[in-house]
Amino acid sequence: MYPAGNLFIPAAHGRLEGIIKEPGADTAARGAALVLHPHPLHGGTMHNKVAFRAARALNEAGCVALRVNFRGTGRSTGTHDHARGGEQEDARAALDYLSEKYPSLPLVLAGFSFGARVGLEVGTRDARVSALVGIGTPVSIAERGYDFSFLRECRKPVLFVHGERDEFGDVATLRSLAATIPAEARVRVEVVPGAGHFFDQQLDEMSRVIREWAERILNGIEGRA
């Protein structure tokens, strides 16, 4: 069991359960971020520690941070779709919510593991998204739905945060994938020494990397405004 969310977002299959947090009262929001969780059939929910810490890091950088449960997870309606399109629809529904509630803020889309696979695709193709984060991107999983060739279309800043010992994607494979993304996207690959897929003893370092990158990206977006 885990705590319930604090809002429900309309979706084609009914609703998505979510948790949203704004920056502190003395900090004006500079962006809005959606954070997607790991594989729901392997225990992944929006309360996953990596997703939670990523959301908090983005919050500390000045973003409103939204986490949602994919379809069929927690109190979200619907049925798991193995990233064949259903989870992408969920991500777009959550982006609809953020863009309607915070229309003046740039959107960042982050995801961990399965959430990275879904989020990178949606964020690459959705014009509302300004920047992307892939955490523990599962580049070594070849099963259906884990093709990352769509990243060749990406023209937005991308941060990959990866454990040196990640069990679902070795660093060399990730770097090869990053090299296929056009240079104008400004891709950054940050490898956390000693970390496995879940960053068990390195969550602070993972959080620092995300926070500092987000601060720089938001500064750049504001500078172009």
# chains A, B, ... in the order shown; residues from 1 in each chain; ligands from 1

call {"tool": "residues_around", "arguments": {"residues": "Arg211 in chain A", "least_positions_apart": "6", "cutoff": "12 Å", "atoms": "only C-alpha atoms", "output": "ChimeraX atom specification"}}
result
/A:33,53-63,133,159,161,204-205,217-218

call {"tool": "select_by_dssp", "arguments": {"residues": "range 111-165 of chain A", "states": "strand (DSSP E or B)", "output": "count of residues only"}}
result
15

call {"tool": "residues_around", "arguments": {"residues": "Val192 in chain A", "least_positions_apart": "3", "cutoff": "12 Å", "atoms": "only C-alpha atoms", "output": "list in words"}}
result
Ile135, Gly136, Phe160, Val161, His162, Gly163, Glu164, Arg165, Asp166, Val171, Val189, Ala195, Gly196, His197, Phe198, Phe199, Asp200, Gln201, Gln202, Leu203, Asp204, Glu205, Met206, Ser207, Arg208, Val209 and Ile210 of chain A

call {"tool": "write_last_selection", "arguments": {"atoms": "N, CA and C atoms", "output": "compact mmCIF listing (two decimals), in the first residue's frame"}}
result
# COMPACT_ATOMS: atom_id res chain seq x y z
N ILE A 135 16.09 9.09 -17.27
CA ILE A 135 16.81 8.57 -16.10
C ILE A 135 16.79 7.05 -16.19
N GLY A 136 17.98 6.43 -16.15
CA GLY A 136 18.02 4.98 -16.27
C GLY A 136 17.34 4.50 -17.53
N PHE A 160 20.50 12.83 -20.14
CA PHE A 160 20.45 11.43 -19.75
C PHE A 160 21.23 11.29 -18.45
N VAL A 161 20.57 10.76 -17.42
CA VAL A 161 21.24 10.46 -16.15
C VAL A 161 21.26 8.94 -16.02
N HIS A 162 22.45 8.38 -15.86
CA HIS A 162 22.57 6.93 -15.97
C HIS A 162 23.55 6.41 -14.93
N GLY A 163 23.24 5.24 -14.37
CA GLY A 163 24.16 4.59 -13.45
C GLY A 163 25.29 3.91 -14.19
N GLU A 164 26.47 4.01 -13.65
CA GLU A 164 27.65 3.38 -14.27
C GLU A 164 27.44 1.88 -14.43
N ARG A 165 26.68 1.28 -13.51
CA ARG A 165 26.46 -0.17 -13.52
C ARG A 165 25.01 -0.53 -13.80
N ASP A 166 24.32 0.30 -14.55
CA ASP A 166 22.90 0.06 -14.84
C ASP A 166 22.70 -1.31 -15.48
N VAL A 171 26.51 1.91 -20.40
CA VAL A 171 26.83 3.29 -20.72
C VAL A 171 27.24 3.45 -22.18
N VAL A 189 25.03 13.71 -21.34
CA VAL A 189 25.01 12.38 -20.70
C VAL A 189 25.79 12.49 -19.39
N ALA A 195 26.69 3.61 -9.57
CA ALA A 195 25.23 3.45 -9.44
C ALA A 195 24.71 2.34 -10.33
N GLY A 196 23.71 1.62 -9.80
CA GLY A 196 22.96 0.66 -10.59
C GLY A 196 21.72 1.34 -11.15
N HIS A 197 20.78 0.55 -11.62
CA HIS A 197 19.59 1.10 -12.28
C HIS A 197 18.76 1.96 -11.33
N PHE A 198 18.72 1.60 -10.05
CA PHE A 198 17.86 2.31 -9.10
C PHE A 198 18.60 3.34 -8.25
N PHE A 199 19.88 3.58 -8.54
CA PHE A 199 20.65 4.62 -7.85
C PHE A 199 20.55 4.49 -6.33
N ASP A 200 20.61 3.25 -5.82
CA ASP A 200 20.31 2.99 -4.42
C ASP A 200 21.09 3.87 -3.44
N GLN A 201 22.40 3.97 -3.62
CA GLN A 201 23.22 4.77 -2.71
C GLN A 201 23.63 6.10 -3.34
N GLN A 202 23.08 6.41 -4.49
CA GLN A 202 23.52 7.60 -5.23
C GLN A 202 22.36 8.54 -5.58
N LEU A 203 21.27 8.46 -4.83
CA LEU A 203 20.12 9.30 -5.14
C LEU A 203 20.43 10.79 -4.98
N ASP A 204 21.27 11.13 -4.02
CA ASP A 204 21.63 12.54 -3.85
C ASP A 204 22.38 13.07 -5.07
N GLU A 205 23.30 12.26 -5.59
CA GLU A 205 24.07 12.68 -6.77
C GLU A 205 23.15 12.78 -7.99
N MET A 206 22.29 11.80 -8.17
CA MET A 206 21.32 11.85 -9.27
C MET A 206 20.49 13.12 -9.19
N SER A 207 20.01 13.44 -7.98
CA SER A 207 19.18 14.63 -7.79
C SER A 207 19.95 15.90 -8.10
N ARG A 208 21.20 15.96 -7.65
CA ARG A 208 22.02 17.15 -7.91
C ARG A 208 22.19 17.39 -9.40
N VAL A 209 22.46 16.33 -10.14
CA VAL A 209 22.66 16.45 -11.59
C VAL A 209 21.41 17.01 -12.25
N ILE A 210 20.25 16.47 -11.89
CA ILE A 210 18.99 16.93 -12.49
C ILE A 210 18.70 18.38 -12.11

call {"tool": "residues_around", "arguments": {"residues": "range 8-17 of chain A", "least_positions_apart": "6", "cutoff": "12 Å", "atoms": "only C-alpha atoms", "output": "tab-separated table (two decimals) with N, CA and C atoms, in the first residue's frame"}}
result
chain	number	residue	atom	x	y	z
A	45	THR	N	5.40	2.80	-9.61
A	45	THR	CA	4.31	3.74	-9.41
A	45	THR	C	4.91	5.14	-9.31
A	46	MET	N	4.05	6.14	-9.19
A	46	MET	CA	4.53	7.51	-9.05
A	46	MET	C	5.24	7.73	-7.71
A	47	HIS	N	5.15	6.75	-6.79
A	47	HIS	CA	5.83	6.85	-5.51
A	47	HIS	C	7.20	6.20	-5.53
A	66	LEU	N	4.80	17.51	-11.41
A	66	LEU	CA	3.65	16.62	-11.44
A	66	LEU	C	4.11	15.19	-11.68
A	67	ARG	N	3.68	14.28	-10.81
A	67	ARG	CA	3.85	12.84	-11.04
A	67	ARG	C	2.47	12.23	-11.24
A	68	VAL	N	2.35	11.29	-12.15
A	68	VAL	CA	1.08	10.60	-12.35
A	68	VAL	C	1.31	9.09	-12.38
A	69	ASN	N	0.27	8.36	-12.03
A	69	ASN	CA	0.27	6.91	-12.22
A	69	ASN	C	-0.25	6.61	-13.62
A	70	PHE	N	0.49	5.79	-14.35
A	70	PHE	CA	0.02	5.34	-15.65
A	70	PHE	C	-1.29	4.57	-15.50
A	71	ARG	N	-1.98	4.39	-16.60
A	71	ARG	CA	-3.23	3.62	-16.65
A	71	ARG	C	-3.06	2.25	-15.98
A	72	GLY	N	-4.08	1.89	-15.19
A	72	GLY	CA	-4.06	0.60	-14.52
A	72	GLY	C	-3.17	0.53	-13.29
A	73	THR	N	-2.62	1.66	-12.87
A	73	THR	CA	-1.72	1.70	-11.72
A	73	THR	C	-2.33	2.55	-10.62
A	74	GLY	N	-2.26	2.08	-9.38
A	74	GLY	CA	-2.83	2.83	-8.28
A	74	GLY	C	-4.31	3.08	-8.51
A	75	ARG	N	-4.71	4.33	-8.43
A	75	ARG	CA	-6.12	4.69	-8.61
A	75	ARG	C	-6.38	5.26	-10.01
A	76	SER	N	-5.44	5.09	-10.92
A	76	SER	CA	-5.69	5.45	-12.31
A	76	SER	C	-6.51	4.35	-12.96
A	77	THR	N	-7.45	4.75	-13.81
A	77	THR	CA	-8.28	3.77	-14.51
A	77	THR	C	-7.51	3.21	-15.71
A	78	GLY	N	-8.15	2.32	-16.44
A	78	GLY	CA	-7.56	1.79	-17.66
A	78	GLY	C	-6.72	0.54	-17.42
A	79	THR	N	-6.10	0.08	-18.50
A	79	THR	CA	-5.32	-1.16	-18.49
A	79	THR	C	-3.95	-0.91	-19.09
A	80	HIS	N	-2.93	-1.48	-18.49
A	80	HIS	CA	-1.56	-1.33	-18.97
A	80	HIS	C	-1.46	-1.69	-20.46
A	81	ASP	N	-0.69	-0.88	-21.22
A	81	ASP	CA	-0.63	-1.07	-22.68
A	81	ASP	C	0.78	-1.34	-23.19
A	86	GLY	N	-0.85	3.53	-25.31
A	86	GLY	CA	-1.69	3.93	-24.20
A	86	GLY	C	-0.99	4.80	-23.19
A	87	GLU	N	0.21	4.40	-22.81
A	87	GLU	CA	0.96	5.21	-21.84
A	87	GLU	C	1.38	6.55	-22.43
A	88	GLN	N	1.63	6.58	-23.73
A	88	GLN	CA	1.91	7.86	-24.39
A	88	GLN	C	0.69	8.78	-24.30
A	89	GLU	N	-0.50	8.21	-24.47
A	89	GLU	CA	-1.72	9.00	-24.31
A	89	GLU	C	-1.84	9.56	-22.89
A	90	ASP	N	-1.46	8.74	-21.91
A	90	ASP	CA	-1.50	9.21	-20.52
A	90	ASP	C	-0.56	10.40	-20.32
A	91	ALA	N	0.64	10.30	-20.87
A	91	ALA	CA	1.60	11.40	-20.74
A	91	ALA	C	1.05	12.67	-21.39
A	92	ARG	N	0.42	12.52	-22.54
A	92	ARG	CA	-0.13	13.71	-23.21
A	92	ARG	C	-1.28	14.31	-22.40
A	93	ALA	N	-2.08	13.45	-21.75
A	93	ALA	CA	-3.18	13.95	-20.91
A	93	ALA	C	-2.61	14.75	-19.74
A	94	ALA	N	-1.52	14.27	-19.17
A	94	ALA	CA	-0.88	14.99	-18.06
A	94	ALA	C	-0.28	16.30	-18.56
A	95	LEU	N	0.28	16.31	-19.76
A	95	LEU	CA	0.79	17.56	-20.34
A	95	LEU	C	-0.36	18.53	-20.61
A	96	ASP	N	-1.50	18.01	-21.04
A	96	ASP	CA	-2.68	18.86	-21.24
A	96	ASP	C	-3.00	19.59	-19.94
A	97	TYR	N	-2.98	18.84	-18.85
A	97	TYR	CA	-3.28	19.43	-17.54
A	97	TYR	C	-2.29	20.54	-17.20
A	98	LEU	N	-1.00	20.26	-17.36
A	98	LEU	CA	0.02	21.26	-17.02
A	98	LEU	C	-0.07	22.49	-17.92
A	100	GLU	N	-2.61	23.66	-19.51
A	100	GLU	CA	-3.83	24.44	-19.24
A	100	GLU	C	-3.74	25.19	-17.91
A	101	LYS	N	-3.13	24.56	-16.92
A	101	LYS	CA	-3.04	25.16	-15.59
A	101	LYS	C	-1.90	26.18	-15.50

call {"tool": "atom_distance", "arguments": {"atom1": "CA of Phe148 in chain A", "atom2": "CA of Ala110 in chain A"}}
result
15.4 Å

call {"tool": "atom_distance", "arguments": {"atom1": "CA of Ala83 in chain A", "atom2": "CA of Asp147 in chain A"}}
result
10.6 Å

call {"tool": "residues_around", "arguments": {"residues": "Gly31 in chain A", "least_positions_apart": "6", "cutoff": "6 Å", "atoms": "only C-alpha atoms", "output": "list in words"}}
result
Cys63, Leu105, Pro106 and Leu107 of chain A

call {"tool": "write_last_selection", "arguments": {"atoms": "N, CA and C atoms", "output": "compact mmCIF listing (two decimals), in the first residue's frame"}}
result
# COMPACT_ATOMS: atom_id res chain seq x y z
N CYS A 63 10.57 24.34 -10.79
CA CYS A 63 9.46 23.80 -11.57
C CYS A 63 8.31 23.36 -10.67
N LEU A 105 4.31 28.74 -18.59
CA LEU A 105 5.54 28.09 -18.16
C LEU A 105 6.04 27.07 -19.19
N PRO A 106 7.36 27.02 -19.43
CA PRO A 106 7.91 25.97 -20.30
C PRO A 106 7.76 24.61 -19.65
N LEU A 107 7.56 23.59 -20.46
CA LEU A 107 7.33 22.24 -19.95
C LEU A 107 8.58 21.38 -20.10

call {"tool": "atom_distance", "arguments": {"atom1": "CA of Lys156 in chain A", "atom2": "CA of His39 in chain A"}}
result
25.0 Å

call {"tool": "select_by_dssp", "arguments": {"residues": "range 23-196 of chain A", "states": "helix (DSSP H, G or I)", "output": "MDAnalysis selection string"}}
result
chainID A and resid 40:42 49:60 86:101 114:125 149:153 171:179 183:185

call {"tool": "residues_around", "arguments": {"residues": "Ser140 in chain A", "least_positions_apart": "2", "cutoff": "10 Å", "atoms": "only C-alpha atoms", "output": "number ranges by chain"}}
result
A: 137-138, 142-143, 146-147, 166-171, 173-174

call {"tool": "write_last_selection", "arguments": {"atoms": "C-alpha atoms", "output": "compact mmCIF listing (two decimals), in the first residue's frame"}}
result
# COMPACT_ATOMS: atom_id res chain seq x y z
CA THR A 137 16.95 4.85 -19.90
CA PRO A 138 16.53 1.12 -20.71
CA ALA A 142 15.02 -4.95 -27.23
CA GLU A 143 11.45 -6.10 -26.62
CA TYR A 146 11.76 -0.08 -26.57
CA ASP A 147 12.98 1.25 -29.91
CA ASP A 166 22.90 0.06 -14.84
CA GLU A 167 21.55 -3.44 -15.39
CA PHE A 168 19.17 -2.44 -18.21
CA GLY A 169 21.45 -0.31 -20.35
CA ASP A 170 25.21 -0.12 -20.45
CA VAL A 171 26.83 3.29 -20.72
CA THR A 173 25.02 1.79 -25.62
CA LEU A 174 23.54 4.94 -24.14

call {"tool": "closest_atom_pairs", "arguments": {"of": "range 53-167 of chain A", "to": "range 177-186 of chain A", "cutoff": "7 Å", "atoms": "only C-alpha atoms", "output": "tab-separated table"}}
result
residue	atom	partner	partner_atom	distance
A:Leu151	CA	A:Ile181	CA	5.8
A:Arg152	CA	A:Ile181	CA	4.8
A:Cys154	CA	A:Ile181	CA	6.4
A:Arg155	CA	A:Ala185	CA	4.3
A:Lys156	CA	A:Ala185	CA	4.4
A:Pro157	CA	A:Ala185	CA	4.7
A:Val158	CA	A:Arg186	CA	6.5

call {"tool": "closest_residue", "arguments": {"among": "A:Asn6, A:Glu212, A:Leu36, A:Ala25", "to": "Phe114 in chain A", "atoms": "only C-alpha atoms"}}
result
A:Leu36
